[in-house]
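Printed here is upload-v1.txt (compact mmCIF, C-alpha atoms):
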# COMPACT_ATOMS: atom_id res chain seq x y z
CA GLN U 1493 0.00 0.00 0.00
CA VAL U 1494 1.35 3.39 -1.02
CA GLN U 1495 0.79 6.37 1.24
CA LEU U 1496 1.21 9.85 -0.21
CA VAL U 1497 1.55 12.94 1.96
CA GLU U 1498 1.41 16.37 0.36
CA SER U 1499 2.78 19.53 1.92
CA GLY U 1500 3.60 23.10 0.98
CA GLY U 1501 0.17 24.53 0.33
CA ASP U 1502 -0.39 28.06 1.58
CA LEU U 1503 -1.98 31.45 0.98
CA VAL U 1504 0.10 33.45 -1.49
CA GLN U 1505 -0.34 36.71 -3.36
CA PRO U 1506 -0.76 36.79 -7.14
CA GLY U 1507 2.63 36.58 -8.82
CA GLY U 1508 4.09 34.63 -5.92
CA SER U 1509 5.62 31.19 -5.77
CA LEU U 1510 5.11 27.96 -3.86
CA ARG U 1511 6.72 24.54 -3.90
CA LEU U 1512 4.56 21.54 -3.17
CA SER U 1513 6.05 18.26 -2.02
CA CYS U 1514 4.61 14.76 -2.00
CA ALA U 1515 6.38 12.13 0.05
CA ALA U 1516 5.64 8.48 -0.73
CA SER U 1517 5.99 5.70 1.78
CA THR U 1518 7.24 2.92 -0.44
CA PHE U 1519 10.62 1.77 -1.70
CA ILE U 1520 9.11 1.08 -5.12
CA PHE U 1521 8.35 4.78 -5.66
CA ARG U 1522 10.73 4.71 -8.61
CA SER U 1523 8.37 2.37 -10.48
CA TYR U 1524 5.45 4.80 -10.41
CA ALA U 1525 4.52 7.65 -12.69
CA MET U 1526 3.70 10.62 -10.48
CA SER U 1527 1.22 13.38 -11.12
CA TRP U 1528 -0.23 16.49 -9.58
CA TYR U 1529 -3.93 17.17 -9.97
CA ARG U 1530 -6.01 20.03 -8.64
CA GLN U 1531 -9.64 20.63 -7.88
CA ALA U 1532 -11.16 24.07 -7.47
CA PRO U 1533 -14.53 24.61 -5.75
CA GLY U 1534 -17.37 23.56 -8.02
CA LYS U 1535 -15.03 22.17 -10.67
CA GLU U 1536 -13.81 18.73 -11.66
CA ARG U 1537 -10.40 17.47 -10.71
CA GLU U 1538 -7.89 18.22 -13.47
CA LEU U 1539 -4.39 17.06 -14.32
CA VAL U 1540 -1.75 19.71 -13.71
CA ALA U 1541 1.50 17.86 -14.45
CA ARG U 1542 2.81 14.32 -14.83
CA ILE U 1543 6.29 12.83 -14.72
CA SER U 1544 7.30 9.32 -15.74
CA SER U 1545 8.94 6.88 -13.36
CA THR U 1546 12.43 7.79 -14.58
CA GLY U 1547 11.71 11.48 -15.03
CA GLY U 1548 12.39 11.23 -18.75
CA TRP U 1549 8.89 12.19 -19.84
CA ILE U 1550 6.89 15.15 -18.50
CA ASN U 1551 3.71 16.87 -19.56
CA TYR U 1552 1.76 19.85 -18.30
CA ALA U 1553 -1.70 21.29 -18.58
CA ASP U 1554 -1.73 24.21 -21.01
CA SER U 1555 -2.84 26.52 -18.21
CA VAL U 1556 0.39 26.02 -16.25
CA LYS U 1557 3.00 25.59 -18.98
CA GLY U 1558 5.94 27.91 -18.45
CA ARG U 1559 4.94 28.60 -14.84
CA PHE U 1560 4.96 25.22 -13.08
CA THR U 1561 7.72 22.60 -12.96
CA ILE U 1562 7.32 19.02 -11.82
CA SER U 1563 10.33 17.03 -10.64
CA ARG U 1564 11.09 13.93 -8.63
CA ASP U 1565 13.83 12.61 -6.40
CA ASN U 1566 13.66 8.83 -6.42
CA ALA U 1567 16.26 8.62 -3.65
CA LYS U 1568 13.92 10.57 -1.36
CA ASN U 1569 10.66 9.05 -2.63
CA THR U 1570 9.41 12.57 -3.25
CA VAL U 1571 7.82 14.46 -6.11
CA TYR U 1572 7.71 18.24 -6.26
CA LEU U 1573 5.68 20.91 -7.98
CA GLN U 1574 7.35 24.31 -8.25
CA MET U 1575 4.70 26.92 -8.95
CA ASN U 1576 5.72 30.38 -10.10
CA SER U 1577 3.76 33.42 -11.27
CA LEU U 1578 0.72 32.17 -9.42
CA LYS U 1579 -2.70 33.44 -10.44
CA PRO U 1580 -6.01 33.54 -8.55
CA GLU U 1581 -7.30 30.83 -10.90
CA ASP U 1582 -4.62 28.48 -9.56
CA THR U 1583 -6.53 28.39 -6.26
CA ALA U 1584 -7.46 24.77 -5.59
CA VAL U 1585 -6.73 21.70 -3.53
CA TYR U 1586 -3.70 20.03 -5.07
CA TYR U 1587 -3.49 16.23 -5.00
CA CYS U 1588 -0.56 13.92 -5.55
CA ASN U 1589 -1.15 10.74 -7.56
CA ALA U 1590 0.98 7.64 -8.02
CA ARG U 1591 0.18 5.25 -10.83
CA SER U 1592 1.62 1.95 -11.97
CA SER U 1593 -1.06 -0.11 -13.64
CA PRO U 1594 -3.20 -1.50 -12.15
CA TYR U 1595 -2.35 0.48 -9.01
CA ASP U 1596 -3.54 4.04 -8.53
CA TYR U 1597 -3.01 5.99 -5.28
CA TRP U 1598 -3.99 9.46 -4.07
CA GLY U 1599 -2.89 11.76 -1.31
CA GLN U 1600 -5.22 13.78 0.89
CA GLY U 1601 -4.50 17.08 -0.81
CA THR U 1602 -3.01 20.43 0.16
CA GLN U 1603 -4.77 23.78 -0.20
CA VAL U 1604 -3.28 26.49 -2.39
CA THR U 1605 -4.96 29.88 -2.25
CA VAL U 1606 -3.82 32.74 -4.46
CA SER U 1607 -5.30 36.02 -3.30
CA SER U 1608 -4.33 39.55 -2.45

Translate this structure into structure tokens?
Amino acid sequence: QVQLVESGGDLVQPGGSLRLSCAASTFIFRSYAMSWYRQAPGKERELVARISSTGGWINYADSVKGRFTISRDNAKNTVYLQMNSLKPEDTAVYYCNARSSPYDYWGQGTQVTVSS
């Protein structure tokens, strides 16, 4: 069983930056593709960024390209999401996801609020 614990969410002003972290409690972390999703109030959960198990393949939602960077440290069983130039529309609960078919795990989420 994989446990994912997100951290780093906070209240930040527009234009600010945050770094989210997701720590996984399994030694086979390196076998999983890792993703960040977000869900804003009244909206469906959406994919923000995904990184392959080796880190060799990454994709981003169009809305965050050029502003967000996903990375992983397989030695620390941790995936990160660096968020720059934050906008009010980035306000959401951000969830970490680990996937290695047929397994699919989610964290509890961390709140990011972008407001002046």

Just to confirm, what's the straight-line distance from atom CA of Ser1509 of chain U to atom CA of Tyr1552 of chain U in Å (one decimal)?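 Separation of atom CA of Ser1509 of chain U and atom CA of Tyr1552 of chain U: 17.3 Å.
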
Determine the nearest neighbour of Arg1522 of chain U from the options U:Gly1534, U:Gly1601, U:Gly1547, U:Pro1506, counting only C-alpha atoms.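 For Arg1522 of chain U, the nearest of the given residues is U:Gly1547.
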
So which one's closest to Arg1542 of chain U, U:Ile1520, U:Gly1508, U:Cys1588, U:Val1494? Using only C-alpha atoms, please.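 For Arg1542 of chain U, the nearest of the candidates is U:Cys1588.
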
Can you work out the spacing between atom CA of Asn1569 of chain U and atom CA of Arg1530 of chain U in Å, to one decimal? 20.8 Å

For the point (-15.0, 26.5, -9.8) in the file's frame, write as number ranges by chain all residues with an atom no more than 10 Å away, counting all atoms listed in the file. U: 1531-1536, 1581, 1583-1584

May I have the residues within 10 Å of Tyr1595 of chain U as a PyMOL selection string, using only C-alpha atoms and disregarding those fewer than 4 positions away in the same chain? chain U and resi 1493-1494+1524+1590-1591

Nearest residue to Phe1560 of chain U out of U:Gln1603, U:Asn1589, U:Leu1512, U:Pro1580, using all atoms listed in the file?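 Ranking U:Gln1603, U:Asn1589, U:Leu1512, U:Pro1580 by distance to Phe1560 of chain U, first place goes to U:Leu1512.
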
Enclose segment 1572-1585 of chain U, meaning all of its atoms listed in the file, in a box aligned along x, y and z, pad it by 3 Å on each side, and list the centre and edge lengths in Å to one decimal, as AutoDock Vina command-line options.
--center_x 0.1 --center_y 25.9 --center_z -7.4 --size_x 21.2 --size_y 21.3 --size_z 13.7

Rounded to one decimal place, report the atom CA of Val1540 of chain U-atom CA of Thr1518 of chain U distance in Å.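 According to the coordinates, atom CA of Val1540 of chain U and atom CA of Thr1518 of chain U are separated by 23.2 Å.
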
Just want the 10 Å neighbourhood of Ser1592 of chain U, counted on all atoms listed in the file, with same-chain residues fewer than 2 positions away dropped. Output as a VMD selection string. chain U and resid 1521 1523 to 1526 1545 1590 1594 to 1597

For the residues in that selection, give me C-alpha atoms as a PDB file, in the coordinates of the input.
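Wrote it out as result_39.pdb, contents follow:
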ATOM      1  CA  PHE U1521       8.350   4.780  -5.660  1.00  0.00           C
ATOM      2  CA  SER U1523       8.370   2.370 -10.480  1.00  0.00           C
ATOM      3  CA  TYR U1524       5.450   4.800 -10.410  1.00  0.00           C
ATOM      4  CA  ALA U1525       4.520   7.650 -12.690  1.00  0.00           C
ATOM      5  CA  MET U1526       3.700  10.620 -10.480  1.00  0.00           C
ATOM      6  CA  SER U1545       8.940   6.880 -13.360  1.00  0.00           C
ATOM      7  CA  ALA U1590       0.980   7.640  -8.020  1.00  0.00           C
ATOM      8  CA  PRO U1594      -3.200  -1.500 -12.150  1.00  0.00           C
ATOM      9  CA  TYR U1595      -2.350   0.480  -9.010  1.00  0.00           C
ATOM     10  CA  ASP U1596      -3.540   4.040  -8.530  1.00  0.00           C
ATOM     11  CA  TYR U1597      -3.010   5.990  -5.280  1.00  0.00           C
TER      12      TYR U1597
END

Neighbours of point (6.2, 14.6, -5.4) within 7 Å, using all atoms listed in the file, written as a compact mmCIF listing (two decimals) with C-alpha atoms, keeping the file's coordinate frame:
# COMPACT_ATOMS: atom_id res chain seq x y z
CA SER U 1513 6.05 18.26 -2.02
CA CYS U 1514 4.61 14.76 -2.00
CA ALA U 1515 6.38 12.13 0.05
CA MET U 1526 3.70 10.62 -10.48
CA ARG U 1564 11.09 13.93 -8.63
CA THR U 1570 9.41 12.57 -3.25
CA VAL U 1571 7.82 14.46 -6.11
CA TYR U 1572 7.71 18.24 -6.26
CA LEU U 1573 5.68 20.91 -7.98
CA CYS U 1588 -0.56 13.92 -5.55

Which residue gives the smallest distance to Leu1496 of chain U among U:Leu1510, U:Asp1582, U:Gln1574, U:Ala1516, with all atoms listed in the file counted?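 Under the stated criterion, the closest residue is U:Ala1516.
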